[in-house]
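Report on the structure given below.
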Amino acid sequence: MSAKTGIRALYRRALNTTAAACLLIGAAASQANAEKQQVNITAWAEYFPREVLDSFEAETGISVVYDYFDSLEQLETKMLAGATNYDVVLPSALVANRLMQVGALAELDQEKLPNRGNLDPKIMEFLSRHDEDNRHGVPYLWGTTGVIYNPALIAERMENAPVDSLDMFFDPDVVSKFADCGVAIIDSPEEIMAIALNYLGLDPFTSDKADFDKAYEMLAEVWPHVRHFKTASIINDLARGDLCLALGWSGDAGLAYARALEAGNGVEIAYSIPQEGTEVFFDFMSVPDDAPHPENAHAFINYMMKPDVIASVTNLYYYPNGNQASLEFVAPEIRSDPNVYPGPELMSKLFPNLPRDQKSLRLLNRAWTRFKTGR
Ligand code: N2P
């Protein structure tokens with residue numbers, strides 16, 4: 001990342017937080033009813049720090065059962081089937097919108113969420129496009145999809161590589177240079193297809209088959225140079241030096257850097273938001289309509305909206321959050337890192353993911369599957 005010393009400081013802070021959490025766990029154990037109370041959440045791996053969950057358990061006596069998913073498609077399929085036993089789910093705003101339309105998300109009880117006042121009105125307004133009047137969820141973390149790279153391995157293979165451009169992935173002459181040190185792309189069809197269409201100068205939310213064909217043709221040239229599409233392996237593979245380039249999420253770049261530092265293996269990781277523009281995502285805390293512990297779900301969501309709590313998540317994971325009151329607790333080196341909190345110029349090049357009709361979704365998924373499987 002740009003502020004390396006900053007990451008080191010954050011990393012030290014993370015270790016201190018772990019020590020503090022250990023003391024709190026002792027306090028929780030003394031609460032007689034601790035084990036009777038439970039909240040079942042599902043989210044990405046590396047999205048809720050263990051120490052934050054421990055503090056929640058210590059403060060409320062509600063224990064957290066955390067089940068993680070590797071792709072939004074996996075979450076959506078489960079949620080559409082229903083009876084998941086989850087109390088809190090973390091879809092993107094776009095997936096949340098589709099889940100709402102089929103009644104899979106409950107309306108939140110706003111009175112049980114007094115910390116809502118801490119949220120950023122601009123982000124709430126944005127999210128109201130996906131969730132009218134912000135009734136079904138509250139923003140958690142957000143971020144961008146961009147170029148994660150190992151500067152040393154890239155420089156060995158190409159002088160002045162265009163690291164702030166999607167040419168790194170979509171120009172076969174460029175990406176082929178990095179095939180030997182390992183290139184990965186997140187398995188996230190709606191996000192990557194929108195970015196690819198936008199790179200080609202096409203409408204990222206097109207419904208025209210010819211546009212999807214053009215994107216597929218470009219991606220087919222890229223495919224031979226991609227080592228894998230395993231979203232969940234990207235952080236560790238980068239941190240070990242087993243990948244030199246990944247099209248992935250901004251915060252995961254910070255995590256890969258921190259993990260390499262922890263391993264002391266000399267691997268460095270950097271991130272840039274592509275100048276052609278890319279997707280900005282907003283993740284969403286919400287409650288399934290059939291959640292078994294809706295009270296606990298509200299308590300959990302409310303806890304995550306405490307300014308110091310959500311700031312500690314941003315400080316650890318390098319993803320910005322949707323909580324305005326937390327900004328004063330966010331480490332200055334993160335708040336001022338334009339790759340984490342993009343300035344207005346970069347921000348204007350970012351586009352949020354928007355709903356598509358069924359026919360376009362089918363075209364998109366078909367192009368993606370052909371790309372991913374090299375057919
Ligand atoms: C997982 C981060 C996922 C964010 N480490 C994607 N919206």
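In the structure tokens, each chain is lettered A, B, ... as it comes, each chain's residues begin at 1, and ligands are numbered from 1 in order of appearance.
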Leaving out A:Val147 and any residue of its chain fewer than 3 positions from it, which residues lie within 9 Å of it when counting only C-alpha atoms, given as number ranges by chain? A: 163-166, 168-169, 245-250, 253, 270-274
N, CA, C and O atoms of the current selection, written as a short mmCIF file (atom, residue, chain, number, x, y, z; two decimals), in the first residue's frame:
```cif
data_model
loop_
_atom_site.label_atom_id
_atom_site.label_comp_id
_atom_site.auth_asym_id
_atom_site.auth_seq_id
_atom_site.Cartn_x
_atom_site.Cartn_y
_atom_site.Cartn_z
N VAL A 163 0.70 -0.09 -13.83
CA VAL A 163 0.03 -0.66 -12.65
C VAL A 163 -1.24 0.09 -12.25
O VAL A 163 -2.00 -0.41 -11.43
N ASP A 164 -1.42 1.29 -12.80
CA ASP A 164 -2.67 1.98 -12.45
C ASP A 164 -3.71 1.81 -13.57
O ASP A 164 -4.63 2.61 -13.71
N SER A 165 -3.53 0.75 -14.36
CA SER A 165 -4.44 0.55 -15.49
C SER A 165 -4.91 -0.90 -15.57
O SER A 165 -4.18 -1.82 -15.21
N LEU A 166 -6.10 -1.09 -16.11
CA LEU A 166 -6.61 -2.44 -16.33
C LEU A 166 -5.90 -3.13 -17.50
O LEU A 166 -6.12 -4.32 -17.74
N MET A 168 -3.12 -4.07 -17.27
CA MET A 168 -2.39 -5.12 -16.54
C MET A 168 -3.07 -6.48 -16.72
O MET A 168 -2.43 -7.52 -16.66
N PHE A 169 -4.40 -6.46 -16.88
CA PHE A 169 -5.16 -7.72 -17.00
C PHE A 169 -5.70 -7.93 -18.42
O PHE A 169 -5.72 -9.04 -18.91
N LEU A 245 0.04 -10.71 -9.19
CA LEU A 245 -0.95 -9.77 -9.71
C LEU A 245 -2.35 -10.32 -9.49
O LEU A 245 -2.59 -11.50 -9.76
N ALA A 246 -3.26 -9.49 -8.99
CA ALA A 246 -4.64 -9.96 -8.85
C ALA A 246 -5.60 -8.81 -9.10
O ALA A 246 -5.35 -7.68 -8.68
N LEU A 247 -6.66 -9.13 -9.81
CA LEU A 247 -7.76 -8.17 -9.95
C LEU A 247 -8.70 -8.50 -8.80
O LEU A 247 -9.36 -9.55 -8.80
N GLY A 248 -8.68 -7.62 -7.79
CA GLY A 248 -9.42 -7.96 -6.57
C GLY A 248 -9.78 -6.72 -5.77
O GLY A 248 -9.67 -5.59 -6.27
N TRP A 249 -10.18 -6.94 -4.53
CA TRP A 249 -10.73 -5.86 -3.71
C TRP A 249 -9.66 -5.10 -2.92
O TRP A 249 -8.71 -5.69 -2.40
N SER A 250 -9.90 -3.80 -2.80
CA SER A 250 -8.91 -2.89 -2.21
C SER A 250 -8.43 -3.35 -0.84
O SER A 250 -7.22 -3.41 -0.57
N ALA A 253 -5.93 -6.20 -0.54
CA ALA A 253 -4.54 -5.84 -0.80
C ALA A 253 -3.85 -5.47 0.53
O ALA A 253 -2.72 -5.91 0.80
N ALA A 270 1.13 -3.84 -3.27
CA ALA A 270 0.58 -2.50 -3.48
C ALA A 270 -0.77 -2.61 -4.18
O ALA A 270 -1.12 -3.68 -4.70
N TYR A 271 -1.51 -1.51 -4.18
CA TYR A 271 -2.84 -1.51 -4.79
C TYR A 271 -3.05 -0.22 -5.54
O TYR A 271 -2.64 0.84 -5.08
N SER A 272 -3.66 -0.28 -6.72
CA SER A 272 -4.13 0.97 -7.31
C SER A 272 -5.51 0.83 -7.92
O SER A 272 -5.90 -0.24 -8.41
N ILE A 273 -6.22 1.95 -7.85
CA ILE A 273 -7.55 2.03 -8.47
C ILE A 273 -7.30 2.33 -9.95
O ILE A 273 -6.61 3.29 -10.27
N PRO A 274 -7.79 1.49 -10.86
CA PRO A 274 -7.49 1.71 -12.27
C PRO A 274 -8.05 3.03 -12.80
O PRO A 274 -9.18 3.41 -12.50
#
```
Write out, as a Markdown table, each residue of stretch 89-195 of chain A that has an atom at most 9 Å from stretch 286-294 of chain A, together with the closest pair of atoms and their distance in Å to one decimal, counting only C-alpha atoms, rows going by chain and rising number.
```
| residue | atom | partner | partner_atom | distance |
| --- | --- | --- | --- | --- |
| A:Val89 | CA | A:Ser286 | CA | 5.4 |
| A:Leu90 | CA | A:Ser286 | CA | 6.4 |
| A:Pro91 | CA | A:Ser286 | CA | 7.8 |
| A:Ala96 | CA | A:Ser286 | CA | 8.1 |
| A:Gly103 | CA | A:Asp289 | CA | 7.1 |
| A:Ala104 | CA | A:Asp289 | CA | 5.3 |
| A:Leu105 | CA | A:Pro288 | CA | 4.4 |
| A:Ala106 | CA | A:Asp289 | CA | 4.2 |
| A:Glu107 | CA | A:Asp289 | CA | 7.9 |
| A:Leu108 | CA | A:Val287 | CA | 7.4 |
| A:His136 | CA | A:Ser286 | CA | 6.2 |
| A:Gly137 | CA | A:Ser286 | CA | 4.6 |
| A:Val138 | CA | A:Ser286 | CA | 6.9 |
```
Which residue is closest to ligand 1? Choose from A:Gly201, A:Pro172, A:Gly264, A:Gly251 and count only C-alpha atoms and all ligand atoms.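 Looking only at the distances to ligand 1, the closest residue turns out to be A:Gly251.
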Skip A:Val313 itself and residues of its chain fewer than 4 positions away, then list as a PyMOL selection string all residues within 9 Å of it, counting only C-alpha atoms. chain A and resi 47-49+52+141+308-309+317-321
Using only C-alpha atoms, please write the residues we just selected to a file, as a compact mmCIF listing (two decimals), in the first residue's frame.
```txt
# COMPACT_ATOMS: atom_id res chain seq x y z
CA TYR A 47 -14.58 -9.42 7.12
CA PHE A 48 -15.32 -9.38 10.88
CA PRO A 49 -12.21 -9.42 13.06
CA VAL A 52 -14.47 -7.44 17.48
CA LEU A 141 -17.74 -1.73 4.53
CA ASP A 308 -14.96 3.10 17.53
CA VAL A 309 -15.92 -0.50 16.72
CA TYR A 317 -8.95 -4.50 7.09
CA TYR A 318 -8.24 -1.38 5.06
CA TYR A 319 -11.83 -1.10 3.82
CA PRO A 320 -13.62 2.24 4.31
CA ASN A 321 -16.95 2.08 6.13
```
Could you give me, as JSON, numbers by chain, every polymer residue with an atom at most 8 Å away from an atom of ligand 1, counting only C-alpha atoms and all ligand atoms? {"A": [44, 45, 46, 47, 92, 141, 142, 143, 232, 235, 249, 251, 252, 281, 282, 283]}
Could you pull out the residues in stretch 111-317 of chain A that DSSP calls helix (DSSP H, G or I) from the backbone, as a PyMOL selection string? chain A and resi 111-112+114-118+121-127+132-134+151-157+167-170+172-181+189-199+209-225+231-240+250-263+294-304+307-317
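When only C-alpha atoms are used to measure the gap to A:Val39, the shortest distance among A:Asp67, A:Asp109, A:Glu262, A:Glu279 belongs to A:Asp67.
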Stretch 140-375 of chain A: residues DSSP assigns to strand (DSSP E), reported as a count of residues only: 30
Hey, what's within 8 Å of stretch 184-194 of chain A if we count only C-alpha atoms and toss same-chain stuff fewer than 6 positions away? As a PDB file with N, CA, C and O atoms, in the first residue's frame, please?
```
ATOM      1  N   SER A  71     -18.406 -16.471  -2.434  1.00  0.00           N
ATOM      2  CA  SER A  71     -18.885 -15.681  -3.569  1.00  0.00           C
ATOM      3  C   SER A  71     -20.302 -15.220  -3.283  1.00  0.00           C
ATOM      4  O   SER A  71     -21.044 -15.858  -2.528  1.00  0.00           O
ATOM      5  N   LEU A  72     -20.664 -14.106  -3.916  1.00  0.00           N
ATOM      6  CA  LEU A  72     -22.021 -13.574  -3.727  1.00  0.00           C
ATOM      7  C   LEU A  72     -23.046 -14.535  -4.306  1.00  0.00           C
ATOM      8  O   LEU A  72     -24.165 -14.639  -3.796  1.00  0.00           O
ATOM      9  N   PRO A 204     -21.341  -0.498 -18.922  1.00  0.00           N
ATOM     10  CA  PRO A 204     -21.142  -1.658 -18.042  1.00  0.00           C
ATOM     11  C   PRO A 204     -22.450  -2.389 -17.732  1.00  0.00           C
ATOM     12  O   PRO A 204     -22.427  -3.544 -17.326  1.00  0.00           O
ATOM     13  N   PHE A 205     -23.571  -1.715 -17.961  1.00  0.00           N
ATOM     14  CA  PHE A 205     -24.868  -2.348 -17.659  1.00  0.00           C
ATOM     15  C   PHE A 205     -25.690  -2.587 -18.916  1.00  0.00           C
ATOM     16  O   PHE A 205     -26.913  -2.586 -18.915  1.00  0.00           O
ATOM     17  N   ALA A 215     -16.884  -8.416 -24.892  1.00  0.00           N
ATOM     18  CA  ALA A 215     -16.165  -8.588 -23.625  1.00  0.00           C
ATOM     19  C   ALA A 215     -15.597 -10.000 -23.546  1.00  0.00           C
ATOM     20  O   ALA A 215     -14.448 -10.205 -23.161  1.00  0.00           O
ATOM     21  N   VAL A 226      -4.130 -16.521 -16.863  1.00  0.00           N
ATOM     22  CA  VAL A 226      -4.669 -16.449 -15.499  1.00  0.00           C
ATOM     23  C   VAL A 226      -4.428 -17.773 -14.787  1.00  0.00           C
ATOM     24  O   VAL A 226      -4.769 -18.832 -15.306  1.00  0.00           O
ATOM     25  N   ARG A 227      -3.814 -17.708 -13.614  1.00  0.00           N
ATOM     26  CA  ARG A 227      -3.537 -18.962 -12.885  1.00  0.00           C
ATOM     27  C   ARG A 227      -4.788 -19.471 -12.184  1.00  0.00           C
ATOM     28  O   ARG A 227      -5.074 -20.641 -12.188  1.00  0.00           O
ATOM     29  N   HIS A 228      -5.529 -18.569 -11.523  1.00  0.00           N
ATOM     30  CA  HIS A 228      -6.755 -19.043 -10.888  1.00  0.00           C
ATOM     31  C   HIS A 228      -7.789 -17.942 -10.634  1.00  0.00           C
ATOM     32  O   HIS A 228      -7.483 -16.753 -10.737  1.00  0.00           O
ATOM     33  N   PHE A 229      -8.982 -18.410 -10.309  1.00  0.00           N
ATOM     34  CA  PHE A 229     -10.113 -17.521 -10.011  1.00  0.00           C
ATOM     35  C   PHE A 229     -10.601 -17.798  -8.587  1.00  0.00           C
ATOM     36  O   PHE A 229     -11.789 -17.721  -8.319  1.00  0.00           O
ATOM     37  N   LYS A 230      -9.680 -18.182  -7.705  1.00  0.00           N
ATOM     38  CA  LYS A 230     -10.101 -18.577  -6.354  1.00  0.00           C
ATOM     39  C   LYS A 230     -10.072 -17.377  -5.428  1.00  0.00           C
ATOM     40  O   LYS A 230      -9.050 -17.086  -4.789  1.00  0.00           O
ATOM     41  N   THR A 231     -11.213 -16.707  -5.338  1.00  0.00           N
ATOM     42  CA  THR A 231     -11.313 -15.472  -4.545  1.00  0.00           C
ATOM     43  C   THR A 231     -10.714 -15.651  -3.156  1.00  0.00           C
ATOM     44  O   THR A 231      -9.944 -14.810  -2.686  1.00  0.00           O
ATOM     45  N   ILE A 234      -6.763 -15.598  -2.647  1.00  0.00           N
ATOM     46  CA  ILE A 234      -5.937 -14.510  -3.177  1.00  0.00           C
ATOM     47  C   ILE A 234      -5.067 -13.839  -2.103  1.00  0.00           C
ATOM     48  O   ILE A 234      -3.876 -13.605  -2.313  1.00  0.00           O
ATOM     49  N   LEU A 243       1.565 -15.320  -5.982  1.00  0.00           N
ATOM     50  CA  LEU A 243       0.887 -14.569  -7.048  1.00  0.00           C
ATOM     51  C   LEU A 243       1.604 -13.220  -7.125  1.00  0.00           C
ATOM     52  O   LEU A 243       2.053 -12.712  -6.096  1.00  0.00           O
ATOM     53  N   LEU A 245       0.038 -10.711  -9.192  1.00  0.00           N
ATOM     54  CA  LEU A 245      -0.947  -9.767  -9.706  1.00  0.00           C
ATOM     55  C   LEU A 245      -2.350 -10.323  -9.494  1.00  0.00           C
ATOM     56  O   LEU A 245      -2.593 -11.502  -9.762  1.00  0.00           O
ATOM     57  N   ALA A 246      -3.260  -9.489  -8.993  1.00  0.00           N
ATOM     58  CA  ALA A 246      -4.639  -9.961  -8.845  1.00  0.00           C
ATOM     59  C   ALA A 246      -5.602  -8.809  -9.098  1.00  0.00           C
ATOM     60  O   ALA A 246      -5.354  -7.677  -8.678  1.00  0.00           O
ATOM     61  N   LEU A 247      -6.665  -9.135  -9.807  1.00  0.00           N
ATOM     62  CA  LEU A 247      -7.757  -8.175  -9.952  1.00  0.00           C
ATOM     63  C   LEU A 247      -8.697  -8.498  -8.799  1.00  0.00           C
ATOM     64  O   LEU A 247      -9.358  -9.545  -8.797  1.00  0.00           O
ATOM     65  N   GLY A 248      -8.679  -7.623  -7.787  1.00  0.00           N
ATOM     66  CA  GLY A 248      -9.416  -7.961  -6.573  1.00  0.00           C
ATOM     67  C   GLY A 248      -9.782  -6.724  -5.775  1.00  0.00           C
ATOM     68  O   GLY A 248      -9.675  -5.590  -6.267  1.00  0.00           O
ATOM     69  N   GLU A 279     -15.452  -0.571 -10.486  1.00  0.00           N
ATOM     70  CA  GLU A 279     -16.648  -0.701  -9.674  1.00  0.00           C
ATOM     71  C   GLU A 279     -16.380  -0.278  -8.231  1.00  0.00           C
ATOM     72  O   GLU A 279     -15.305  -0.532  -7.696  1.00  0.00           O
ATOM     73  N   ASN A 353     -22.425  -1.063  -8.801  1.00  0.00           N
ATOM     74  CA  ASN A 353     -23.088  -2.113  -9.568  1.00  0.00           C
ATOM     75  C   ASN A 353     -24.603  -1.903  -9.531  1.00  0.00           C
ATOM     76  O   ASN A 353     -25.163  -1.640  -8.481  1.00  0.00           O
ATOM     77  N   LEU A 364     -24.558 -12.459 -19.322  1.00  0.00           N
ATOM     78  CA  LEU A 364     -23.354 -12.145 -18.546  1.00  0.00           C
ATOM     79  C   LEU A 364     -22.756 -13.423 -17.953  1.00  0.00           C
ATOM     80  O   LEU A 364     -21.555 -13.680 -18.065  1.00  0.00           O
ATOM     81  N   ASN A 365     -23.603 -14.221 -17.327  1.00  0.00           N
ATOM     82  CA  ASN A 365     -23.101 -15.428 -16.670  1.00  0.00           C
ATOM     83  C   ASN A 365     -22.554 -16.436 -17.674  1.00  0.00           C
ATOM     84  O   ASN A 365     -21.598 -17.142 -17.391  1.00  0.00           O
ATOM     85  N   TRP A 368     -19.164 -15.225 -18.667  1.00  0.00           N
ATOM     86  CA  TRP A 368     -18.233 -15.434 -17.551  1.00  0.00           C
ATOM     87  C   TRP A 368     -17.810 -16.905 -17.441  1.00  0.00           C
ATOM     88  O   TRP A 368     -16.637 -17.223 -17.293  1.00  0.00           O
TER      89      TRP A 368
END
```
What is the distance, in Å and to one decimal place, between atom CA of A:Asn150 and atom CA of A:Glu268? 5.8 Å
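Minimum atom-to-atom distance to A:Ser348, evaluated using only C-alpha atoms, belongs to A:Thr278 out of A:Thr278, A:Gln324, A:Ser336, A:Asn302.
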Shell around A:Arg370 at 10 Å using only C-alpha atoms, local window under 3 positions removed, as a ChimeraX atom specification: /A:216,219-220,223,365-367,373-375
Option closest in space to A:Leu127, from A:Gly277, A:Pro332, A:Pro352, A:Gly146 [counting only C-alpha atoms]: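 The shortest atom-to-atom distance to A:Leu127 comes from A:Pro352.
What separates atom CA of A:Ala210 from atom CA of A:Pro162 is a distance of 28.4 Å.
Across A:Phe178, A:Phe170, A:Phe126, A:Phe69, the tightest approach to A:Val222 is made by A:Phe170 when counting only C-alpha atoms.
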Go ahead and compute the interatomic distance for atom CA of A:Asn323 and atom CA of A:Leu113, in Å to one decimal.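 So the two atoms, atom CA of A:Asn323 and atom CA of A:Leu113, lie 13.4 Å apart.
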Neighbour list for A:Asn296 as a PDB file with N, CA, C and O atoms, in the first residue's frame, cut-off 10 Å, only C-alpha atoms, skip fewer than 4 positions in-chain:
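Produced file part17.pdb, reproduced below:
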```
ATOM      1  N   GLN A  37     -27.474 -17.563  24.404  1.00  0.00           N
ATOM      2  CA  GLN A  37     -27.747 -16.534  23.414  1.00  0.00           C
ATOM      3  C   GLN A  37     -26.826 -16.696  22.221  1.00  0.00           C
ATOM      4  O   GLN A  37     -25.625 -16.863  22.395  1.00  0.00           O
ATOM      5  N   GLN A  38     -27.386 -16.560  21.028  1.00  0.00           N
ATOM      6  CA  GLN A  38     -26.581 -16.829  19.838  1.00  0.00           C
ATOM      7  C   GLN A  38     -27.011 -15.938  18.682  1.00  0.00           C
ATOM      8  O   GLN A  38     -28.185 -15.607  18.559  1.00  0.00           O
ATOM      9  N   VAL A  39     -26.071 -15.578  17.835  1.00  0.00           N
ATOM     10  CA  VAL A  39     -26.410 -14.915  16.586  1.00  0.00           C
ATOM     11  C   VAL A  39     -25.602 -15.596  15.479  1.00  0.00           C
ATOM     12  O   VAL A  39     -24.395 -15.776  15.601  1.00  0.00           O
ATOM     13  N   ASN A  40     -26.309 -16.031  14.433  1.00  0.00           N
ATOM     14  CA  ASN A  40     -25.645 -16.754  13.341  1.00  0.00           C
ATOM     15  C   ASN A  40     -25.420 -15.793  12.188  1.00  0.00           C
ATOM     16  O   ASN A  40     -26.383 -15.295  11.601  1.00  0.00           O
ATOM     17  N   THR A  60     -22.395  -8.357  25.358  1.00  0.00           N
ATOM     18  CA  THR A  60     -23.827  -8.685  25.291  1.00  0.00           C
ATOM     19  C   THR A  60     -24.151 -10.087  25.800  1.00  0.00           C
ATOM     20  O   THR A  60     -25.325 -10.394  26.031  1.00  0.00           O
ATOM     21  N   ILE A  62     -24.038 -12.565  23.940  1.00  0.00           N
ATOM     22  CA  ILE A  62     -24.558 -13.296  22.769  1.00  0.00           C
ATOM     23  C   ILE A  62     -23.357 -13.873  22.011  1.00  0.00           C
ATOM     24  O   ILE A  62     -22.446 -13.123  21.643  1.00  0.00           O
ATOM     25  N   SER A  63     -23.356 -15.178  21.781  1.00  0.00           N
ATOM     26  CA  SER A  63     -22.184 -15.692  21.061  1.00  0.00           C
ATOM     27  C   SER A  63     -22.437 -15.704  19.561  1.00  0.00           C
ATOM     28  O   SER A  63     -23.560 -15.903  19.089  1.00  0.00           O
ATOM     29  N   VAL A  64     -21.359 -15.487  18.836  1.00  0.00           N
ATOM     30  CA  VAL A  64     -21.456 -15.345  17.384  1.00  0.00           C
ATOM     31  C   VAL A  64     -21.013 -16.641  16.710  1.00  0.00           C
ATOM     32  O   VAL A  64     -19.930 -17.148  16.980  1.00  0.00           O
ATOM     33  N   ASP A  87     -28.956 -15.225  11.015  1.00  0.00           N
ATOM     34  CA  ASP A  87     -29.598 -14.045  11.608  1.00  0.00           C
ATOM     35  C   ASP A  87     -29.128 -12.755  10.952  1.00  0.00           C
ATOM     36  O   ASP A  87     -29.860 -11.779  10.891  1.00  0.00           O
ATOM     37  N   VAL A  88     -27.851 -12.750  10.524  1.00  0.00           N
ATOM     38  CA  VAL A  88     -27.301 -11.557   9.867  1.00  0.00           C
ATOM     39  C   VAL A  88     -26.581 -12.026   8.609  1.00  0.00           C
ATOM     40  O   VAL A  88     -25.783 -12.967   8.666  1.00  0.00           O
ATOM     41  N   ALA A 291     -35.065 -15.268  10.093  1.00  0.00           N
ATOM     42  CA  ALA A 291     -33.955 -15.376  11.058  1.00  0.00           C
ATOM     43  C   ALA A 291     -34.457 -15.933  12.385  1.00  0.00           C
ATOM     44  O   ALA A 291     -35.472 -15.481  12.903  1.00  0.00           O
ATOM     45  N   PRO A 292     -33.730 -16.919  12.956  1.00  0.00           N
ATOM     46  CA  PRO A 292     -34.187 -17.498  14.227  1.00  0.00           C
ATOM     47  C   PRO A 292     -33.980 -16.577  15.436  1.00  0.00           C
ATOM     48  O   PRO A 292     -34.685 -16.722  16.430  1.00  0.00           O
ATOM     49  N   PHE A 300     -26.516  -7.131  17.232  1.00  0.00           N
ATOM     50  CA  PHE A 300     -25.222  -7.259  16.545  1.00  0.00           C
ATOM     51  C   PHE A 300     -25.006  -6.095  15.562  1.00  0.00           C
ATOM     52  O   PHE A 300     -23.964  -5.443  15.556  1.00  0.00           O
ATOM     53  N   ILE A 301     -26.044  -5.837  14.767  1.00  0.00           N
ATOM     54  CA  ILE A 301     -25.919  -4.759  13.768  1.00  0.00           C
ATOM     55  C   ILE A 301     -25.706  -3.420  14.476  1.00  0.00           C
ATOM     56  O   ILE A 301     -24.878  -2.602  14.072  1.00  0.00           O
ATOM     57  N   ASN A 302     -26.427  -3.226  15.568  1.00  0.00           N
ATOM     58  CA  ASN A 302     -26.273  -1.977  16.305  1.00  0.00           C
ATOM     59  C   ASN A 302     -24.854  -1.848  16.867  1.00  0.00           C
ATOM     60  O   ASN A 302     -24.252  -0.774  16.813  1.00  0.00           O
TER      61      ASN A 302
END
```
